[in-house]
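Asker: Could you have a look at this structure, given as structure tokens, before my questions?
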Amino acid sequence: MYAMYGTWLVLLILSQTHGQCMCQNRSTNFRPNIVMVMSDAFDGRLTFDPGSRVVQLPYLNYLRELGTVFLNAYTNSPICCPSRAAMWSGRFVHLTESWNNYKCLDPNATTWMDLLQQNGYNTLSVGKLDYTSGSHSVSNRVEAWTRDVPFLLRQEGRPVTDLVGDASTTRVMTKDWRTTDIATQWIRHKAAPLSQPFALYLGLNLPHPYVTDSLGPNAGGSTFRTSPYWLEKARSLQAIPEVMPELISVPKWLPLSDMHPVDYYSTFTKNCSGNFTEQEVRKIRAFYYAMCAETDAMLGQVISALRDTGLLDTTVLLFTSDHGDLAMEHRQFYKMSMFEGSSHIPLLTMGPGVKSGLQLSQPVSLVDIYPTVLEMAGLAVPGGTSGHSLLPLLSQSAARPARTRPDWVLSEYHGCNANASTYMLREGRWKYITYADGLSVPPQLFDLTVDKEELHNVASKFPDVCRHLDKLLRSTVDYPQVSKAVRLYNKQQFAAWRKSLGDNYTQVIANLRWHLDWQEDVDNNEKAIDEWLMISGFSSEKLKLSVF
């Protein structure tokens, strides 16, 4: 297994033969096997040029050469649980009310995997799922509920790196490797003998940063951890900044005083407003790329299992992620942002009927996976879905779609580390970002053809473009009303949580992830929360649950 990069040469030799059978005409009753590998926090820009030159990702390159890569694939919400809720349900975040990592789909919600199982597929889901309500830390949900409170508290640990093992250490993220082993053993021993088609979902944690253990039990994930083995895969001469610093780019940052107010809030609460040396930034980015390389190797193990069992030609394989990671772009790490590093995801697929070597520029998003998978399986797509099947783009023989595919994608965010509900519309060269009610917070507009780093907000220069995109956005979602519903939900949930703690409330809230900053001004922080709850007549005793 550890010769996986040597296996890449074998796969290249086989690619021409495999590619010849990719677009064969299949009988109408043929139903392919479906395998999805979903990573966490993988920057989609690394899956095509020029980003693919930064780090060696041989199995994603293999997938790109034998299949199709979407150059403009986006998350529907740049955070774990809501984005996965969109993928599994095929519906936009505001339709399922997946407001944060704590509030997502009901446990009994019907997913596309459920529909496949109900219609004859043998199914298995292993690894990270994370699309139902009730998970993630108390800190995470409280930070989301209180984002409108007028205080500014650091909620994350400062991003750091951690080098472990030696040049032979390949299994750094052991939890992901264990679930990958389960998936590949299932392919070899359970799926291969099956007479009916199968569907497999493998959810990975990488390249999401690790929890910073030194910060205690409430700590978030701010540690970028890898080994010398994987650092060698980053194109930086072992990616050690002291050796070859110029090969890892240092992103440009706006001065803190010039940041958009929501971006400044994100930078501060992510503990990134302090000083960072160029060496620190390069090192964080190098470690992140190395973590992506380890993720790629897990995908390679799945490909090898399908190839060895003779299933590769009858299986549609998809690779994607819930969101990306800023990796110190815009003076931030993590996600929770509409900037490209956070919102641009990988989406690649190969298999029977899928065109080889195709790079598609049409904007797509995670909600498109739901109707695509069902159509691949020959199943009817239920009404009320937000997504559109990708098959007309992927296959020469696909039927004409019943609905016209829009030329834009929507992403929205309502969770922690951003102090306003955020809505992004990507259409053509433009990325339009608006907030809250569309009036109280200034919008952002970026021309991605000339400003790939998203450092120049041109909203004031192109008011007609903003009006057009805002009208288009409002035709899909009444975002001021959604923002209002989220604010009401946040107050209701916080008030109920505070009441449930009774006399323990003061101690509990003081010891969440923001505890260092909280202790500096306890009285004013508590007062700010009390005043926030009372705005517009709300009272922690009178708030009643409502249905949006």
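Letters A, B, ... mark the chains of the structure tokens in the order given; residue numbers begin at 1 per chain; ligand numbers begin at 1, in order shown.
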Could you pull out the strand (DSSP E) residues of segment 269-508 of chain A, going by DSSP on the backbone, and write them as a PyMOL selection string?
Answerer: chain A and resi 315-321+347-350+358-360+364-365+408-413+422-427+430-435+444-447
Asker: Find the spatial neighbours of segment 48-56 of chain A, counting only C-alpha atoms, within a cut-off of 8 Å - ignore same-chain residues fewer than 4 positions away - and output them as a PyMOL selection string.
Answerer: chain A and resi 69+71+233-235+289-290+293
Asker: Name the residues in contact with segment 72-74 of chain A at a cut-off of 6 Å, using only C-alpha atoms, excluding same-chain residues fewer than 3 positions from it; report them as number ranges by chain.
Answerer: A: 343-345, 361, 363-365
Asker: Give me, as JSON lines, the closest atom pair and its distance (Å, one decimal) for every residue of segment 191-302 of chain A within a cut-off of 10 Å of segment 448-468 of chain A, counting only C-alpha atoms, rows sorted by chain and rising number.
Answerer:
```
{"residue": "A:Pro251", "atom": "CA", "partner": "A:Glu453", "partner_atom": "CA", "distance": 8.1}
{"residue": "A:Lys252", "atom": "CA", "partner": "A:Glu453", "partner_atom": "CA", "distance": 7.8}
{"residue": "A:Trp253", "atom": "CA", "partner": "A:Leu455", "partner_atom": "CA", "distance": 7.8}
{"residue": "A:Leu254", "atom": "CA", "partner": "A:Leu455", "partner_atom": "CA", "distance": 7.1}
{"residue": "A:Met259", "atom": "CA", "partner": "A:Leu455", "partner_atom": "CA", "distance": 9.3}
{"residue": "A:His260", "atom": "CA", "partner": "A:Asn457", "partner_atom": "CA", "distance": 9.0}
```
Asker: Would you output that residue set with N, CA and C atoms, as a PDB file, in the first residue's frame?
Answerer:
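Contents of the output file selection-v2.pdb:
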```
ATOM      1  N   PRO A 251       0.105  34.712   0.665  1.00  0.00           N
ATOM      2  CA  PRO A 251      -0.991  35.512   0.097  1.00  0.00           C
ATOM      3  C   PRO A 251      -0.937  36.954   0.564  1.00  0.00           C
ATOM      4  N   LYS A 252      -1.406  37.842  -0.295  1.00  0.00           N
ATOM      5  CA  LYS A 252      -1.481  39.253   0.074  1.00  0.00           C
ATOM      6  C   LYS A 252      -2.639  39.467   1.037  1.00  0.00           C
ATOM      7  N   TRP A 253      -2.438  40.360   1.992  1.00  0.00           N
ATOM      8  CA  TRP A 253      -3.479  40.693   2.962  1.00  0.00           C
ATOM      9  C   TRP A 253      -3.804  42.176   2.867  1.00  0.00           C
ATOM     10  N   LEU A 254      -5.072  42.494   3.037  1.00  0.00           N
ATOM     11  CA  LEU A 254      -5.455  43.882   3.235  1.00  0.00           C
ATOM     12  C   LEU A 254      -5.068  44.313   4.644  1.00  0.00           C
ATOM     13  N   MET A 259     -10.316  46.122   5.916  1.00  0.00           N
ATOM     14  CA  MET A 259     -11.133  44.920   5.752  1.00  0.00           C
ATOM     15  C   MET A 259     -12.617  45.249   5.798  1.00  0.00           C
ATOM     16  N   HIS A 260     -13.399  44.464   5.075  1.00  0.00           N
ATOM     17  CA  HIS A 260     -14.847  44.510   5.229  1.00  0.00           C
ATOM     18  C   HIS A 260     -15.181  44.160   6.674  1.00  0.00           C
TER      19      HIS A 260
END
```
Asker: Leaving out Ala418 of chain A and any residue of its chain fewer than 6 positions from it, which residues lie within 9 Å of it when counting only C-alpha atoms, given as a PyMOL selection string?
Answerer: chain A and resi 144+147+262-263+265-266+269+336-337
Asker: Can you write out the residues you just picked, keeping C-alpha atoms, as an mmCIF file, in the first residue's frame?
Answerer:
```cif
data_model
loop_
_atom_site.group_PDB
_atom_site.id
_atom_site.type_symbol
_atom_site.label_atom_id
_atom_site.label_comp_id
_atom_site.auth_asym_id
_atom_site.auth_seq_id
_atom_site.Cartn_x
_atom_site.Cartn_y
_atom_site.Cartn_z
ATOM 1 C CA ALA A 144 -23.222 30.910 16.361
ATOM 2 C CA ARG A 147 -22.863 36.321 16.729
ATOM 3 C CA VAL A 262 -17.594 40.903 8.500
ATOM 4 C CA ASP A 263 -14.160 39.800 7.290
ATOM 5 C CA TYR A 265 -14.873 39.942 12.633
ATOM 6 C CA SER A 266 -13.908 36.586 11.108
ATOM 7 C CA THR A 269 -12.605 35.586 16.157
ATOM 8 C CA MET A 336 -16.907 30.283 7.185
ATOM 9 C CA SER A 337 -16.134 32.653 4.324
#
```
Asker: Which one of A:Thr267, A:Thr320, A:Thr277, A:Thr315 sits closest to Ile303 of chain A if you count only C-alpha atoms?
Answerer: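 Among the listed residues, the smallest separation from Ile303 of chain A belongs to A:Thr315.
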Asker: Any idea what's packed within 7 Å of Leu206 of chain A, counting only C-alpha atoms, ignoring anything in its chain fewer than 4 positions away? Could you give it as a PyMOL selection string?
Answerer: chain A and resi 39-40+291+295
Asker: Please list as a VMD selection string every residue within 10 Å of Arg331 of chain A, counting only C-alpha atoms and excluding residues in the same chain fewer than 2 positions away.
Answerer: chain A and resid 251 to 256 263 to 264 266 to 268 270 to 276 281 326 to 329 333
Asker: Go ahead and save the picked residues with C-alpha atoms, as a PDB file, in the first residue's frame.
Answerer:
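Just written: result14.pdb:
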```pdb
ATOM      1  CA  PRO A 251      -0.991  35.512   0.097  1.00  0.00           C
ATOM      2  CA  LYS A 252      -1.481  39.253   0.074  1.00  0.00           C
ATOM      3  CA  TRP A 253      -3.479  40.693   2.962  1.00  0.00           C
ATOM      4  CA  LEU A 254      -5.455  43.882   3.235  1.00  0.00           C
ATOM      5  CA  PRO A 255      -4.588  46.052   6.226  1.00  0.00           C
ATOM      6  CA  LEU A 256      -6.935  45.311   9.121  1.00  0.00           C
ATOM      7  CA  ASP A 263     -14.160  39.800   7.290  1.00  0.00           C
ATOM      8  CA  TYR A 264     -12.545  41.684  10.174  1.00  0.00           C
ATOM      9  CA  SER A 266     -13.908  36.586  11.108  1.00  0.00           C
ATOM     10  CA  THR A 267     -10.198  37.351  11.275  1.00  0.00           C
ATOM     11  CA  PHE A 268     -10.411  38.433  14.897  1.00  0.00           C
ATOM     12  CA  LYS A 270     -10.366  33.081  14.346  1.00  0.00           C
ATOM     13  CA  ASN A 271      -7.428  34.477  16.342  1.00  0.00           C
ATOM     14  CA  CYS A 272      -5.620  35.708  13.234  1.00  0.00           C
ATOM     15  CA  SER A 273      -5.467  39.442  13.915  1.00  0.00           C
ATOM     16  CA  GLY A 274      -2.058  39.221  15.564  1.00  0.00           C
ATOM     17  CA  ASN A 275       1.318  39.266  13.850  1.00  0.00           C
ATOM     18  CA  PHE A 276       2.422  36.372  11.640  1.00  0.00           C
ATOM     19  CA  VAL A 281       2.319  31.592   6.905  1.00  0.00           C
ATOM     20  CA  LEU A 326      -8.389  29.576   3.513  1.00  0.00           C
ATOM     21  CA  ALA A 327      -4.970  28.393   4.733  1.00  0.00           C
ATOM     22  CA  MET A 328      -4.059  31.973   5.722  1.00  0.00           C
ATOM     23  CA  GLU A 329      -5.499  33.687   2.652  1.00  0.00           C
ATOM     24  CA  PHE A 333      -7.647  29.868   8.228  1.00  0.00           C
TER      25      PHE A 333
END
```
Asker: Please extract the residues of segment 60-205 of chain A with a backbone DSSP assignment of alpha helix (DSSP H) and present them as a PyMOL selection string.
Answerer: chain A and resi 60-66+80-89+93-96+112-118+138-145+174-186
Asker: Between atom CA of Leu129 of chain A and atom CA of Gly203 of chain A, what distance in Å does the model show, to one decimal?
Answerer: 6.2 Å
Asker: Considering only C-alpha atoms, state which residue in the set A:Ala377, A:Met338, A:Leu391, A:Val172 is at the smallest distance from Ser227 of chain A.
Answerer: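 Smallest separation from Ser227 of chain A among the options: A:Val172.
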Asker: Please compute the atom CA of Met376 of chain A-atom CA of Thr404 of chain A distance, one decimal, in Å.
Answerer: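 Between these atoms lies a distance of 18.4 Å.
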Asker: With distances taken over only C-alpha atoms, which residue among A:Val409, A:Leu152, A:Cys81, A:Leu358 lies nearest Gly67 of chain A?
Answerer: A:Leu358
Asker: Given only C-alpha atoms as the basis, pick out the residue of A:Met87, A:Leu472, A:Leu116, A:Val142 nearest to Val508 of chain A.
Answerer: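 That would be A:Val142, the residue with the smallest distance to Val508 of chain A.
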Asker: Using only C-alpha atoms, which of the listed residues (A:Phe70, A:Trp514, A:Phe287, A:Trp145) sits closest to Gln492 of chain A?
Answerer: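 Under the stated criterion, the closest residue is A:Trp145.
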Asker: Would you pick out the contacts of Phe42 of chain A at 8 Å or less, using only C-alpha atoms, so that residues sharing its chain but fewer than 4 positions from it are not included, and give the list as a ChimeraX atom specification?
Answerer: /A:206-208,292,321-325,345-346
Asker: Would you write out those residues with C-alpha atoms, as a PDB file, in the first residue's frame?
Answerer:
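Okay, this is what ended up in result-v1.pdb:
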```pdb
ATOM      1  CA  LEU A 206      -8.731  15.404   6.172  1.00  0.00           C
ATOM      2  CA  PRO A 207      -7.501  17.925   5.281  1.00  0.00           C
ATOM      3  CA  HIS A 208      -9.466  19.638   8.071  1.00  0.00           C
ATOM      4  CA  CYS A 292      -4.234  17.270   0.969  1.00  0.00           C
ATOM      5  CA  SER A 321     -15.512  18.198  -0.236  1.00  0.00           C
ATOM      6  CA  ASP A 322     -17.901  20.027   2.068  1.00  0.00           C
ATOM      7  CA  HIS A 323     -15.899  23.283   1.742  1.00  0.00           C
ATOM      8  CA  GLY A 324     -12.316  24.469   1.404  1.00  0.00           C
ATOM      9  CA  ASP A 325      -9.798  26.073   3.748  1.00  0.00           C
ATOM     10  CA  ILE A 345     -14.678  22.892  -3.663  1.00  0.00           C
ATOM     11  CA  PRO A 346     -13.337  19.978  -5.706  1.00  0.00           C
TER      12      PRO A 346
END
```
Asker: For atom CA of Gln196 of chain A and atom CA of Ser356 of chain A, determine how far apart the two atoms are, in Å to one decimal place.
Answerer: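 Atom-to-atom, atom CA of Gln196 of chain A and atom CA of Ser356 of chain A are spaced 25.9 Å apart.
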